[in-house]
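Inspection log for the structure reproduced underneath, given as structure tokens.
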2 protein chains.
Amino acid sequence: MMIDINTLLAWGAAYKKVSAGEIIFKEGTCSSFYFQLVSGLVRWVNTNEDGKEFIQTIVEPGDSFGEMPMFDDEPFAASAIANEHSVIIRLHKSSFLQLLKETPELHFAFTRLLSQRLRFKFILLKELANHNPEQSISSLLNYFKQTQKNISIGCNQVKLTRQQIADMTGMRVETVIRTMRNMHTSGSLKINKGKVYC
Amino acid sequence: MMIDINTLLAWGAAYKKVSAGEIIFKEGTCSSFYFQLVSGLVRWVNTNEDGKEFIQTIVEPGDSFGEMPMFDDEPFAASAIANEHSVIIRLHKSSFLQLLKETPELHFAFTRLLSQRLRFKFILLKELANHNPEQSISSLLNYFKQTQKNISIGCNQVKLTRQQIADMTGMRVETVIRTMRNMHTSGSLKINKGKVYC
DNA sequence: CAATAAATATGACATCAATCATATAAAATG
DNA sequence: CATTTTATATGATTGATGTCATATTTATTG
């Protein structure tokens, strides 16, 4: 949980319901709100000319998203689209910044968040530049396992489809499927009835 | 310029000279200092098993580097190596954090910096995932032009070698050279005596 | 639980960038 | 300014991943 919901509400935040497939904000447009996911699932993606999506992040309940423009005053770097019926809460930019000013420890929580996100991008870029499907997937899953993101905690079941992994790494579904099958064979992960455990 | 040198010195920072090729800090090791480049040139890189380098950032005078561990308490995400004889200034982590606490506007300057860095990674990842050499290079140069990084301001000469561009995108030198030749032919950039203008 | 949809699986083939080799041009050095 | 080093250039070949087609398994829905 990034910012406490009651705090957000006290500062004038409002809930908003979005249905599956609904675009919450669009890449390149200007931003006036800080967003946080209350329930549901949101993908944070770039769409290229051919309509192919690159998934920057899968936003889970409690996660903040679209916060970059709050800090650097640039447009959204990617679009946020609801994967399923979701509830979001949003706070106006001016209130958000004022809240940070008055709550230094919250400000530090955000520098920590930005830093962690940046770190993830460092790792991913390094891996993708290597052009080794198995290593890229392995590194991605390992990161999710460590941060308990996109993983069912307890059984370590990967909550991502092969397509989503492909869309996060710039590979094709077939390549991801084939690579993960090989990884299953070599023992570096387990596939049971199509479901992946790591 | 990230933090004013006099401020850094007042807070107990110390200069350090490093010679060409010297490793300032190593990926994976723990960090106790905030770093800023005074003069020279530093590359911020990941080295893979084969010794191939992926350049995360080319650090220019005035830039801060290795600041992520200050905020998220994780090890260095990449190594910093001096490209040439350089002078750096470093401030102890505890002093750095205290300085931020006492100077909220500086703290906001850092969230802005982190946000801008994250934004750059978003863009680069999106492009690299597209697997289109010309678009990747074009997007990279465009970003450098906008932010006036790695570009001689005025004449717009790219200060990066083809090898460096290759090392920032995960492509091979030959591919970068061939692609940029094509871009010269198609008019999207200009090459004169090997030097690139955009 | 039958029917439909979505995800995974797998083969065949094509393609673009990697690799390797070598040449030439530009920059650095004594 | 001659020599060495570094960067750019370009051809030939290879190989991994993309593409396309189709089958099968798993999940979803009425």
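By convention in this document, the chains of the structure tokens carry letters A, B, ... by their order, each chain's residues are numbered from 1, and ligands are numbered from 1 in the order they are shown.
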Considering only C-alpha atoms (C1' of nucleotides), return as a ChimeraX atom specification whatever protein or nucleic-acid residues lie within 10 Å of A:Asn130, sequence-local ones (same chain, fewer than 2 positions apart) excluded. /A:124-128,132-133,135-136 /B:48,52-54,169-171
Dump N, CA and C atoms for the selected residues as a compact mmCIF listing (two decimals), in the first residue's frame?
```
# COMPACT_ATOMS: atom_id res chain seq x y z
N LEU A 124 16.14 -5.09 -16.21
CA LEU A 124 15.46 -5.56 -17.41
C LEU A 124 16.22 -5.16 -18.66
N LEU A 125 16.66 -3.91 -18.71
CA LEU A 125 17.39 -3.43 -19.88
C LEU A 125 18.67 -4.24 -20.10
N LYS A 126 19.40 -4.42 -19.02
CA LYS A 126 20.63 -5.22 -19.07
C LYS A 126 20.34 -6.60 -19.65
N GLU A 127 19.28 -7.22 -19.17
CA GLU A 127 18.95 -8.57 -19.61
C GLU A 127 18.50 -8.60 -21.06
N LEU A 128 17.63 -7.66 -21.43
CA LEU A 128 17.11 -7.66 -22.79
C LEU A 128 18.23 -7.39 -23.80
N ASN A 132 19.16 -13.09 -24.66
CA ASN A 132 19.15 -14.49 -24.26
C ASN A 132 17.80 -14.75 -23.59
N PRO A 133 16.84 -15.30 -24.35
CA PRO A 133 15.48 -15.49 -23.86
C PRO A 133 15.41 -16.15 -22.49
N GLN A 135 17.65 -16.34 -20.07
CA GLN A 135 18.15 -15.48 -19.01
C GLN A 135 17.18 -14.35 -18.71
N SER A 136 16.61 -13.77 -19.76
CA SER A 136 15.66 -12.67 -19.58
C SER A 136 14.46 -13.13 -18.76
N ASN B 48 28.40 -8.36 -18.50
CA ASN B 48 27.86 -9.73 -18.45
C ASN B 48 28.98 -10.76 -18.35
N LYS B 52 31.05 -8.50 -21.89
CA LYS B 52 30.42 -7.47 -22.72
C LYS B 52 29.72 -6.45 -21.81
N GLU B 53 29.91 -5.18 -22.12
CA GLU B 53 29.33 -4.12 -21.29
C GLU B 53 28.01 -3.60 -21.84
N PHE B 54 27.06 -3.37 -20.94
CA PHE B 54 25.85 -2.64 -21.32
C PHE B 54 25.92 -1.29 -20.62
N THR B 169 22.29 -0.12 -26.48
CA THR B 169 21.07 -0.65 -27.08
C THR B 169 21.10 -2.17 -27.23
N GLY B 170 22.23 -2.76 -26.91
CA GLY B 170 22.33 -4.21 -27.05
C GLY B 170 22.49 -4.67 -28.48
N MET B 171 22.84 -3.75 -29.37
CA MET B 171 23.09 -4.14 -30.75
C MET B 171 24.59 -4.32 -30.95
```
If we count only C-alpha atoms (C1' of nucleotides), what is near A:Glu105 at a cut-off of 12 Å, once residues fewer than 5 positions away on the same chain are taken out, given as a list of chain:residue names? A:Ile3, A:Leu99, A:Leu100, A:Phe110, A:Thr111, A:Arg112, B:Phe71, B:Leu97, B:Leu100, B:Lys101, B:Pro104, B:His107
Write out as a Markdown table a residue-level contact list of chain D versus chain A with cut-off 10 Å: for each qualifying residue the closest pair of atoms and the distance in Å to one decimal, counting only C-alpha atoms (C1' of nucleotides), rows sorted by chain and residue number upward.
```
| residue | atom | partner | partner_atom | distance |
| --- | --- | --- | --- | --- |
| D:DA16 | C1' | A:His131 | CA | 9.8 |
| D:DT17 | C1' | A:Thr175 | CA | 7.2 |
| D:DG18 | C1' | A:Arg172 | CA | 7.4 |
| D:DT19 | C1' | A:Arg172 | CA | 9.8 |
| D:DT25 | C1' | A:Lys193 | CA | 8.0 |
| D:DT26 | C1' | A:Lys193 | CA | 7.3 |
```
With a distance threshold of 9 Å and counting only C-alpha atoms (C1' of nucleotides), extract the residues of chain A near chain C and express them as a ChimeraX atom specification. /A:161-163,174,177-178,194
Point out the residue among B:Val45, B:Ile5, B:Leu37, B:Ile23 with the least atom-to-atom distance to chain A, counting only C-alpha atoms.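 Nearest to chain A: B:Val45.
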Those in stretch 45-180 of chain B with strand (DSSP E or B) from DSSP, as a PDB file with N, CA and C atoms, in the first residue's frame:
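Below is the file states_8.pdb, written as the result:
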```pdb
ATOM      1  N   VAL B  45      27.835   1.111 -16.071  1.00  0.00           N
ATOM      2  CA  VAL B  45      27.647  -0.092 -16.896  1.00  0.00           C
ATOM      3  C   VAL B  45      27.418  -1.392 -16.138  1.00  0.00           C
ATOM      4  N   ASN B  46      26.750  -2.299 -16.830  1.00  0.00           N
ATOM      5  CA  ASN B  46      26.665  -3.689 -16.370  1.00  0.00           C
ATOM      6  C   ASN B  46      27.554  -4.531 -17.275  1.00  0.00           C
ATOM      7  N   THR B  47      28.295  -5.439 -16.660  1.00  0.00           N
ATOM      8  CA  THR B  47      29.167  -6.318 -17.439  1.00  0.00           C
ATOM      9  C   THR B  47      28.597  -7.728 -17.356  1.00  0.00           C
ATOM     10  N   GLU B  53      29.911  -5.176 -22.122  1.00  0.00           N
ATOM     11  CA  GLU B  53      29.331  -4.122 -21.287  1.00  0.00           C
ATOM     12  C   GLU B  53      28.013  -3.604 -21.841  1.00  0.00           C
ATOM     13  N   PHE B  54      27.064  -3.365 -20.940  1.00  0.00           N
ATOM     14  CA  PHE B  54      25.855  -2.636 -21.318  1.00  0.00           C
ATOM     15  C   PHE B  54      25.923  -1.287 -20.617  1.00  0.00           C
ATOM     16  N   ILE B  55      25.922  -0.215 -21.398  1.00  0.00           N
ATOM     17  CA  ILE B  55      26.031   1.125 -20.823  1.00  0.00           C
ATOM     18  C   ILE B  55      24.657   1.618 -20.392  1.00  0.00           C
ATOM     19  N   GLN B  56      24.470   1.818 -19.106  1.00  0.00           N
ATOM     20  CA  GLN B  56      23.192   2.339 -18.604  1.00  0.00           C
ATOM     21  C   GLN B  56      23.145   3.851 -18.815  1.00  0.00           C
ATOM     22  N   THR B  57      24.222   4.524 -18.503  1.00  0.00           N
ATOM     23  CA  THR B  57      24.281   5.985 -18.644  1.00  0.00           C
ATOM     24  C   THR B  57      25.727   6.410 -18.859  1.00  0.00           C
ATOM     25  N   ILE B  58      25.905   7.461 -19.638  1.00  0.00           N
ATOM     26  CA  ILE B  58      27.217   8.108 -19.696  1.00  0.00           C
ATOM     27  C   ILE B  58      27.092   9.329 -18.791  1.00  0.00           C
ATOM     28  N   VAL B  59      27.903   9.361 -17.750  1.00  0.00           N
ATOM     29  CA  VAL B  59      27.824  10.415 -16.754  1.00  0.00           C
ATOM     30  C   VAL B  59      28.711  11.587 -17.171  1.00  0.00           C
ATOM     31  N   SER B  64      24.887  13.481 -11.113  1.00  0.00           N
ATOM     32  CA  SER B  64      25.043  12.601  -9.966  1.00  0.00           C
ATOM     33  C   SER B  64      24.991  11.167 -10.480  1.00  0.00           C
ATOM     34  N   PHE B  65      25.569  10.247  -9.761  1.00  0.00           N
ATOM     35  CA  PHE B  65      25.494   8.832 -10.152  1.00  0.00           C
ATOM     36  C   PHE B  65      25.583   7.945  -8.920  1.00  0.00           C
ATOM     37  N   SER B  79      28.025  -0.810 -12.348  1.00  0.00           N
ATOM     38  CA  SER B  79      29.349  -0.324 -11.959  1.00  0.00           C
ATOM     39  C   SER B  79      29.627   1.027 -12.604  1.00  0.00           C
ATOM     40  N   ALA B  80      30.409   1.848 -11.903  1.00  0.00           N
ATOM     41  CA  ALA B  80      30.838   3.125 -12.469  1.00  0.00           C
ATOM     42  C   ALA B  80      32.323   3.034 -12.767  1.00  0.00           C
ATOM     43  N   ILE B  81      32.667   3.290 -14.017  1.00  0.00           N
ATOM     44  CA  ILE B  81      34.068   3.200 -14.447  1.00  0.00           C
ATOM     45  C   ILE B  81      34.452   4.507 -15.145  1.00  0.00           C
ATOM     46  N   ALA B  82      35.611   5.027 -14.806  1.00  0.00           N
ATOM     47  CA  ALA B  82      36.065   6.277 -15.423  1.00  0.00           C
ATOM     48  C   ALA B  82      36.499   6.026 -16.857  1.00  0.00           C
ATOM     49  N   SER B  86      39.327  11.549 -14.251  1.00  0.00           N
ATOM     50  CA  SER B  86      38.157  12.304 -13.794  1.00  0.00           C
ATOM     51  C   SER B  86      38.288  12.712 -12.336  1.00  0.00           C
ATOM     52  N   VAL B  87      37.528  13.705 -11.971  1.00  0.00           N
ATOM     53  CA  VAL B  87      37.454  14.111 -10.571  1.00  0.00           C
ATOM     54  C   VAL B  87      36.017  13.930 -10.109  1.00  0.00           C
ATOM     55  N   ILE B  88      35.834  13.207  -9.012  1.00  0.00           N
ATOM     56  CA  ILE B  88      34.498  13.018  -8.468  1.00  0.00           C
ATOM     57  C   ILE B  88      34.447  13.628  -7.072  1.00  0.00           C
ATOM     58  N   ILE B  89      33.243  13.885  -6.618  1.00  0.00           N
ATOM     59  CA  ILE B  89      33.091  14.353  -5.247  1.00  0.00           C
ATOM     60  C   ILE B  89      32.070  13.433  -4.602  1.00  0.00           C
ATOM     61  N   ARG B  90      32.328  13.012  -3.369  1.00  0.00           N
ATOM     62  CA  ARG B  90      31.403  12.074  -2.752  1.00  0.00           C
ATOM     63  C   ARG B  90      31.067  12.498  -1.332  1.00  0.00           C
ATOM     64  N   LEU B  91      29.820  12.211  -0.985  1.00  0.00           N
ATOM     65  CA  LEU B  91      29.299  12.611   0.319  1.00  0.00           C
ATOM     66  C   LEU B  91      28.759  11.368   1.008  1.00  0.00           C
ATOM     67  N   HIS B  92      29.017  11.257   2.281  1.00  0.00           N
ATOM     68  CA  HIS B  92      28.563  10.064   2.995  1.00  0.00           C
ATOM     69  C   HIS B  92      27.035  10.007   3.031  1.00  0.00           C
ATOM     70  N   ILE B 151      25.749  15.319 -26.593  1.00  0.00           N
ATOM     71  CA  ILE B 151      25.638  16.051 -27.859  1.00  0.00           C
ATOM     72  C   ILE B 151      26.395  17.370 -27.694  1.00  0.00           C
ATOM     73  N   SER B 152      27.197  17.733 -28.700  1.00  0.00           N
ATOM     74  CA  SER B 152      27.835  19.056 -28.679  1.00  0.00           C
ATOM     75  C   SER B 152      26.766  20.086 -29.023  1.00  0.00           C
ATOM     76  N   GLN B 157      26.499  17.736 -32.790  1.00  0.00           N
ATOM     77  CA  GLN B 157      27.329  16.574 -33.099  1.00  0.00           C
ATOM     78  C   GLN B 157      27.220  15.543 -31.984  1.00  0.00           C
ATOM     79  N   VAL B 158      26.957  14.317 -32.376  1.00  0.00           N
ATOM     80  CA  VAL B 158      26.818  13.232 -31.407  1.00  0.00           C
ATOM     81  C   VAL B 158      28.200  12.875 -30.859  1.00  0.00           C
TER      82      VAL B 158
END
```
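Across stretch 141-172 of chain B, DSSP run on the backbone finds helix (DSSP H, G or I) at Leu141, Asn142, Tyr143, Phe144, Lys145, Gln146, Thr147, Arg162, Gln163, Gln164, Ile165, Ala166, Asp167, Met168 and Thr169 of chain B.
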Atom CA of B:Val38 and atom CA of B:Ile24, how far apart in Å?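 Separation of atom CA of B:Ile24 and atom CA of B:Val38: 13.6 Å.
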Atom pair atom CA of B:Glu102 / atom CA of A:Gln98: separation (Å):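 Here the two named atoms are 16.8 Å from each other.
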Take atom CA of A:Ala129 and atom CA of A:Gly187 and report the distance between them in Å, one decimal.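 Atom-to-atom, atom CA of A:Ala129 and atom CA of A:Gly187 are spaced 24.8 Å apart.
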